[in-house]
Amino acid sequence: MTDRPDLTNLPSYRQPRRSVFSARRIALMASVVAGLGIAVHGFSPSTSPSELFSSPAHAQVNNEVRKVERPIGFADIVERVKPSVISVKVNIKEKTASNDDGDDSSSPFQPGSPMERFFRRFGGPDGFPGQKGGGGRGRVVQGQGSGFFISADGFAVTNNHVVDGADKVEVTTDDGKTYTAKVIGTDQRTDLALIKVEGGSNFPFAKLADAKPRIGDWVLAVGNPFGLGGTVTAGIVSASGRDIGNGPYDDFIQIDAPVNKGNSGGPAFDTNGEVMGVNTAIYSPSGGSVGIAFSIPASTVKSVVAQLKDKGSVSRGWIGVQIQPVTSDIADSLGMKKAEGALVAEPQANGPAAKAGIESGDVITSVNGESVKDARELARTIGGMAPGATVKLNVLHKGQDKVVNLTLGQLPNTIEAKADTGKDSGKGASRGIDVPKLGMTVAPADSVAGAGKEGVVVTEVDPKSAAAERGFKEGDVILEVGGKSVSTAGEVRDAINTARTDNKNSVLMRVKSGGQSRFVAVPIAKG
């Protein structure tokens, strides 16, 4: 072996410090050397490759590597929960051929609504929404989706839009067996359905989670994408409390686990093997997974399924008010410190709220002592209660807090919309009187045909004005300004001047448009 030169006499020489390598660092170095194929004899001039990898030091490295935490897979969880997931196949006999306008959709949702667009891309006839089958009357359309057992005797959960209108429902279990199922009940508002599988009494079933998932938690989606059956994907919980425009009870969990057409009704599992949600919709410009999917929370599934199993339908509490969010401008107009609660745009005649004395402009701030964050939370809270229950509402009424006790009614299946009596209100109207600094002109409602007797009608709107920015249009009827009823342009000006004197940045107006009432906060200029 070649002698090493003596460097101790050099001025710049420093005695090397003994480097203490941790076993983990040695393991990392060894793995890098082995993985890159570097000549290991360069590690030490006096050690051969065979000596290095058979030495006691290397044995110690191997032991330490085994102790290093390895990535955790989902195989054990999947093996346990996958048998509870089923593929759902339905036959729907169409009663009529395609419409003349070409709309051949069997979607249960309102045409043009967000959920109807989701449905077209997520789960419909043949698992390919929007695709048309053979023409002609009486043709049978096949649809595919997913579901999962919730009890050993064959009760299973899926989506309403998977089985809605089905003449025949068949399910295929994870072991390949096929059974006939019947629909026990459906709930269109939450897009949930309960079915009963016949022919067995010992089905493997999943448990609905009690705990609310946290953002960032792992999630496993299991289902029947594109009819393939038994497919597992993984991701995380991306967000919660999502409102996708489906209805007042939107409270979806957003996940990024790949979910595709045919996954409708399938479960989203947490790492405890419990169902955190039921997959119901995706957001996708292309129709395939782009990492944005929505699941109905387990808490909602529990309450809905319990009622479907008991009576085949869902009944919800109802107070009979039209509500809207409290924006920062509205909060400022009402003198509120925070923009929270639900603003009552209009109580329904003879509804529980109207009978209890709740009026337009009131803000509902809590239910049974629990704060109400916004209008959607109020709708979900009341909708989750049973008709006939007594509730205590804290209400901000004309700047004063008051408590209202009322008995909940039952939410009607359909709520009739009021006729738009102002659709021809512009006809025969005079030009009206300008409202300074708002950019619109108004005329008394009783002077305009079809506008009714209350309020003032907007006859003209400057497209560059504050009124136009807030959505005012010709034919709208202003009923109140700053909490006071108005019937002339002068009363509108007086109410605005009062708000300006009170140092308000905006004035709150109650506006009737298209047969519906809403509050609009309009900024006012100083001076």
# chains A, B, ... in the order shown; residues from 1 in each chain; ligands from 1
$ closest_atom_pairs --of "region 191-220 of chain A" --to "region 251-257 of chain A" --cutoff "12 Å" --atoms "only C-alpha atoms" --output "JSON lines"
{"residue": "A:Asp191", "atom": "CA", "partner": "A:Phe252", "partner_atom": "CA", "distance": 11.6}
{"residue": "A:Lys212", "atom": "CA", "partner": "A:Ile253", "partner_atom": "CA", "distance": 9.8}
{"residue": "A:Pro213", "atom": "CA", "partner": "A:Ile253", "partner_atom": "CA", "distance": 8.6}
{"residue": "A:Arg214", "atom": "CA", "partner": "A:Ile253", "partner_atom": "CA", "distance": 9.9}
{"residue": "A:Ile215", "atom": "CA", "partner": "A:Gln254", "partner_atom": "CA", "distance": 9.1}
{"residue": "A:Gly216", "atom": "CA", "partner": "A:Ile255", "partner_atom": "CA", "distance": 9.3}
{"residue": "A:Asp217", "atom": "CA", "partner": "A:Ile255", "partner_atom": "CA", "distance": 9.6}
{"residue": "A:Trp218", "atom": "CA", "partner": "A:Ala257", "partner_atom": "CA", "distance": 9.0}
{"residue": "A:Val219", "atom": "CA", "partner": "A:Ala257", "partner_atom": "CA", "distance": 6.9}
{"residue": "A:Leu220", "atom": "CA", "partner": "A:Ala257", "partner_atom": "CA", "distance": 6.8}
$ residues_around --residues "Ser487 (chain A)" --least-positions-apart "4" --cutoff "6 Å" --atoms "only C-alpha atoms" --output "list in words"
Pro444, Gly455 and Val456 of chain A
$ write_last_selection --atoms "N, CA, C and O atoms" --output "PDB file, in the first residue's frame"
ATOM      1  N   PRO A 444     -93.670  56.671  -9.151  1.00  0.00           N
ATOM      2  CA  PRO A 444     -94.537  55.936  -8.229  1.00  0.00           C
ATOM      3  C   PRO A 444     -95.101  54.675  -8.879  1.00  0.00           C
ATOM      4  O   PRO A 444     -95.507  54.691 -10.044  1.00  0.00           O
ATOM      5  N   GLY A 455     -94.326  51.183  -3.427  1.00  0.00           N
ATOM      6  CA  GLY A 455     -92.977  51.451  -3.860  1.00  0.00           C
ATOM      7  C   GLY A 455     -92.887  52.361  -5.062  1.00  0.00           C
ATOM      8  O   GLY A 455     -93.876  52.962  -5.512  1.00  0.00           O
ATOM      9  N   VAL A 456     -91.664  52.459  -5.589  1.00  0.00           N
ATOM     10  CA  VAL A 456     -91.396  53.249  -6.790  1.00  0.00           C
ATOM     11  C   VAL A 456     -90.757  52.337  -7.837  1.00  0.00           C
ATOM     12  O   VAL A 456     -89.983  51.434  -7.504  1.00  0.00           O
TER      13      VAL A 456
END
$ closest_atom_pairs --of "region 445-522 of chain A" --to "region 350-364 of chain A" --cutoff "10 Å" --atoms "only C-alpha atoms" --output "CSV"
residue,atom,partner,partner_atom,distance
A:Glu480,CA,A:Gly361,CA,9.5
A:Gly482,CA,A:Gly361,CA,9.7
A:Gly483,CA,A:Gly361,CA,7.2
A:Leu508,CA,A:Gly361,CA,9.2
A:Met509,CA,A:Gly361,CA,9.5
A:Arg510,CA,A:Gly361,CA,8.0
A:Ser517,CA,A:Ser360,CA,9.2
A:Arg518,CA,A:Ser360,CA,9.3
A:Phe519,CA,A:Gly361,CA,7.8
$ write_last_selection --atoms "C-alpha atoms" --output "compact mmCIF listing (two decimals), in the first residue's frame"
# COMPACT_ATOMS: atom_id res chain seq x y z
CA GLU A 480 -87.93 50.38 1.08
CA GLY A 482 -83.03 52.71 4.74
CA GLY A 483 -85.73 50.66 6.44
CA LEU A 508 -80.03 49.56 2.08
CA MET A 509 -82.87 49.17 -0.38
CA ARG A 510 -85.47 46.42 -0.57
CA SER A 517 -87.57 40.46 -3.11
CA ARG A 518 -83.97 41.15 -2.18
CA PHE A 519 -81.94 43.74 -0.31
$ residues_around --residues "Glu340 (chain A)" --least-positions-apart "5" --cutoff "8 Å" --atoms "only C-alpha atoms" --output "list of chain:residue names"
A:Pro325, A:Val326, A:Thr327, A:Ala331, A:Thr365, A:Val372, A:Lys373, A:Asp374
